[in-house]
Amino acid sequence: MKKILSIKYSAGAFNFSMLLLRVAFGVLIIASHGYDKLQNFNARVVGFHSFLGLGSKISLILAIFAEVFCALFVVIGLFTRLSVIPLIITMIVAISASANRPILDSELAILYLAVFITLLFCGPGRISIDGMINK
């Protein structure tokens with residue numbers, strides 16, 4: 001009981017937790033968002049939210065870049081802190097695109113945003129390519 005209530009943690013637990021966050025949320029965003037946008041590009045470009053007036057086509061390309069390629073880098077732990085920045089921006093845009101709707105419509109984007117900000121602050125952990133390079 002004492003260990004369950006403790007606020008201490010080991011380096012191994014931290015590194016495993018970062019691995020779990022990276023892999024779970026990286027694979028989820030690729031599988032449920034990025035891959036769909038990539039496969040249905042022509043259908044999705046119509047009516048896609050235009051970020052900073054760039055147009056829906058460029059905005060969709062940037063979202064695909066973040067949700068597929070940056071997320072893949074997050075999963076393997078390569079350039080993790082740099083790779084989460086486009087994902088954070090994409091989640092902020094997704095949240096702002098649904099600003100007129102109830103907050104629960106943005107629940108998933110808010111959850112992804114929280115995880116990606118956590119990875120930005122904490123890094124990928126030792127169980128990553130970044131961790132192996134920086135030994």
# chains A, B, ... in the order shown; residues from 1 in each chain; ligands from 1
$ residues_around --residues "Met91 of chain A" --least-positions-apart "3" --cutoff "8 Å" --atoms "only C-alpha atoms" --output "PDB file with N, CA and C atoms, in the first residue's frame"
ATOM      1  N   LEU A  87       2.794  18.342 -34.476  1.00  0.00           N
ATOM      2  CA  LEU A  87       1.612  17.664 -33.935  1.00  0.00           C
ATOM      3  C   LEU A  87       0.867  18.561 -32.951  1.00  0.00           C
ATOM      4  N   ILE A  88       1.594  19.296 -32.141  1.00  0.00           N
ATOM      5  CA  ILE A  88       0.965  20.237 -31.212  1.00  0.00           C
ATOM      6  C   ILE A  88       0.214  21.311 -31.981  1.00  0.00           C
ATOM      7  N   ALA A  94      -6.943  21.905 -34.800  1.00  0.00           N
ATOM      8  CA  ALA A  94      -8.148  21.062 -34.725  1.00  0.00           C
ATOM      9  C   ALA A  94      -9.101  21.554 -33.640  1.00  0.00           C
ATOM     10  N   ILE A  95      -8.543  21.966 -32.515  1.00  0.00           N
ATOM     11  CA  ILE A  95      -9.380  22.488 -31.425  1.00  0.00           C
ATOM     12  C   ILE A  95     -10.020  23.811 -31.834  1.00  0.00           C
ATOM     13  N   ALA A 109      -8.798  15.760 -29.557  1.00  0.00           N
ATOM     14  CA  ALA A 109      -7.700  16.669 -29.898  1.00  0.00           C
ATOM     15  C   ALA A 109      -7.045  17.233 -28.639  1.00  0.00           C
ATOM     16  N   ILE A 110      -7.833  17.503 -27.616  1.00  0.00           N
ATOM     17  CA  ILE A 110      -7.285  18.003 -26.353  1.00  0.00           C
ATOM     18  C   ILE A 110      -6.432  16.925 -25.680  1.00  0.00           C
ATOM     19  N   TYR A 112      -4.832  14.394 -27.237  1.00  0.00           N
ATOM     20  CA  TYR A 112      -3.597  14.311 -28.022  1.00  0.00           C
ATOM     21  C   TYR A 112      -2.675  15.488 -27.699  1.00  0.00           C
ATOM     22  N   LEU A 113      -3.235  16.673 -27.600  1.00  0.00           N
ATOM     23  CA  LEU A 113      -2.443  17.868 -27.287  1.00  0.00           C
ATOM     24  C   LEU A 113      -1.730  17.713 -25.953  1.00  0.00           C
TER      25      LEU A 113
END
$ residues_around --residues "Phe51 of chain A" --least-positions-apart "3" --cutoff "10 Å" --atoms "only C-alpha atoms" --output "PyMOL selection string"
chain A and resi 48+54-60+62-63+90+93-94+96-97
$ atom_distance --atom1 "atom CA of Ile92 of chain A" --atom2 "atom CA of Asp105 of chain A"
13.4 Å
$ select_by_dssp --residues "segment 57-111 of chain A" --states "alpha helix (DSSP H)" --output "VMD selection string"
chain A and resid 57 to 64 71 to 76 80 to 97 107 to 111
$ residues_around --residues "Phe65 of chain A" --least-positions-apart "6" --cutoff "12 Å" --atoms "only C-alpha atoms" --output "PyMOL selection string"
chain A and resi 29-30+33-35+37-38+58-59+71-73+83-87+89-90
$ write_last_selection --atoms "C-alpha atoms" --output "mmCIF file, in the first residue's frame"
data_model
loop_
_atom_site.group_PDB
_atom_site.id
_atom_site.type_symbol
_atom_site.label_atom_id
_atom_site.label_comp_id
_atom_site.auth_asym_id
_atom_site.auth_seq_id
_atom_site.Cartn_x
_atom_site.Cartn_y
_atom_site.Cartn_z
ATOM 1 C CA ILE A 29 -2.938 9.216 -34.577
ATOM 2 C CA ILE A 30 -1.406 7.566 -37.644
ATOM 3 C CA HIS A 33 -6.358 10.202 -38.518
ATOM 4 C CA GLY A 34 -3.238 10.444 -40.679
ATOM 5 C CA TYR A 35 -3.697 7.319 -42.792
ATOM 6 C CA LYS A 37 -6.389 11.687 -44.626
ATOM 7 C CA LEU A 38 -3.630 10.270 -46.820
ATOM 8 C CA ILE A 58 -1.833 23.111 -48.147
ATOM 9 C CA SER A 59 -3.438 22.809 -44.704
ATOM 10 C CA ALA A 71 3.952 10.745 -35.600
ATOM 11 C CA LEU A 72 6.125 7.978 -37.066
ATOM 12 C CA PHE A 73 9.221 9.782 -35.759
ATOM 13 C CA SER A 83 8.568 16.063 -34.186
ATOM 14 C CA VAL A 84 5.897 16.836 -31.602
ATOM 15 C CA ILE A 85 5.867 20.551 -32.471
ATOM 16 C CA PRO A 86 3.919 20.077 -35.766
ATOM 17 C CA LEU A 87 1.612 17.664 -33.935
ATOM 18 C CA ILE A 89 0.195 22.886 -33.829
ATOM 19 C CA THR A 90 -2.116 20.463 -35.652
#
$ closest_atom_pairs --of "segment 4-120 of chain A" --to "segment 125-133 of chain A" --cutoff "12 Å" --atoms "only C-alpha atoms" --output "CSV"
residue,atom,partner,partner_atom,distance
A:Ala11,CA,A:Arg126,CA,9.0
A:Gly12,CA,A:Arg126,CA,8.6
A:Ala13,CA,A:Gly125,CA,10.0
A:Phe14,CA,A:Gly125,CA,7.2
A:Asn15,CA,A:Gly125,CA,4.6
A:Phe16,CA,A:Ile127,CA,7.1
A:Ser17,CA,A:Gly125,CA,8.3
A:Met18,CA,A:Gly125,CA,5.6
A:Leu19,CA,A:Ile127,CA,6.3
A:Leu20,CA,A:Ile127,CA,9.9
A:Leu21,CA,A:Gly125,CA,10.3
A:Arg22,CA,A:Ser128,CA,9.4
A:Val23,CA,A:Ser128,CA,10.3
A:Phe73,CA,A:Ile129,CA,9.5
A:Val74,CA,A:Ser128,CA,9.1
A:Val75,CA,A:Ser128,CA,8.5
A:Ile76,CA,A:Ser128,CA,6.2
A:Gly77,CA,A:Ser128,CA,4.5
A:Leu78,CA,A:Ile129,CA,5.3
A:Phe79,CA,A:Asp130,CA,6.5
A:Thr80,CA,A:Asp130,CA,7.3
A:Arg81,CA,A:Asp130,CA,9.6
A:Leu82,CA,A:Asp130,CA,11.2
A:Ser83,CA,A:Asp130,CA,11.7
A:Thr118,CA,A:Gly125,CA,11.6
A:Leu119,CA,A:Gly125,CA,9.0
A:Leu120,CA,A:Gly125,CA,11.1
$ write_last_selection --atoms "C-alpha atoms" --output "PDB file, in the first residue's frame"
ATOM      1  CA  ALA A  11      14.135   5.746 -14.068  1.00  0.00           C
ATOM      2  CA  GLY A  12      12.965   2.489 -15.630  1.00  0.00           C
ATOM      3  CA  ALA A  13       9.328   3.261 -14.896  1.00  0.00           C
ATOM      4  CA  PHE A  14       9.707   6.747 -16.382  1.00  0.00           C
ATOM      5  CA  ASN A  15      11.394   5.445 -19.540  1.00  0.00           C
ATOM      6  CA  PHE A  16       8.791   2.711 -20.007  1.00  0.00           C
ATOM      7  CA  SER A  17       5.995   5.274 -19.508  1.00  0.00           C
ATOM      8  CA  MET A  18       7.442   7.555 -22.173  1.00  0.00           C
ATOM      9  CA  LEU A  19       7.758   4.573 -24.535  1.00  0.00           C
ATOM     10  CA  LEU A  20       4.136   3.645 -23.870  1.00  0.00           C
ATOM     11  CA  LEU A  21       2.922   7.212 -24.490  1.00  0.00           C
ATOM     12  CA  ARG A  22       4.959   7.578 -27.674  1.00  0.00           C
ATOM     13  CA  VAL A  23       3.950   4.279 -29.219  1.00  0.00           C
ATOM     14  CA  PHE A  73       9.221   9.782 -35.759  1.00  0.00           C
ATOM     15  CA  VAL A  74       7.542  10.050 -32.353  1.00  0.00           C
ATOM     16  CA  VAL A  75       6.805   6.299 -32.332  1.00  0.00           C
ATOM     17  CA  ILE A  76      10.423   5.354 -33.029  1.00  0.00           C
ATOM     18  CA  GLY A  77      11.729   8.151 -30.814  1.00  0.00           C
ATOM     19  CA  LEU A  78      13.770  10.008 -33.422  1.00  0.00           C
ATOM     20  CA  PHE A  79      13.916  13.816 -33.167  1.00  0.00           C
ATOM     21  CA  THR A  80      11.007  13.443 -30.764  1.00  0.00           C
ATOM     22  CA  ARG A  81      10.870  16.944 -29.307  1.00  0.00           C
ATOM     23  CA  LEU A  82      11.154  18.477 -32.764  1.00  0.00           C
ATOM     24  CA  SER A  83       8.568  16.063 -34.186  1.00  0.00           C
ATOM     25  CA  THR A 118       4.074  16.096 -22.155  1.00  0.00           C
ATOM     26  CA  LEU A 119       6.459  14.516 -24.666  1.00  0.00           C
ATOM     27  CA  LEU A 120       7.811  17.949 -25.557  1.00  0.00           C
TER      28      LEU A 120
END
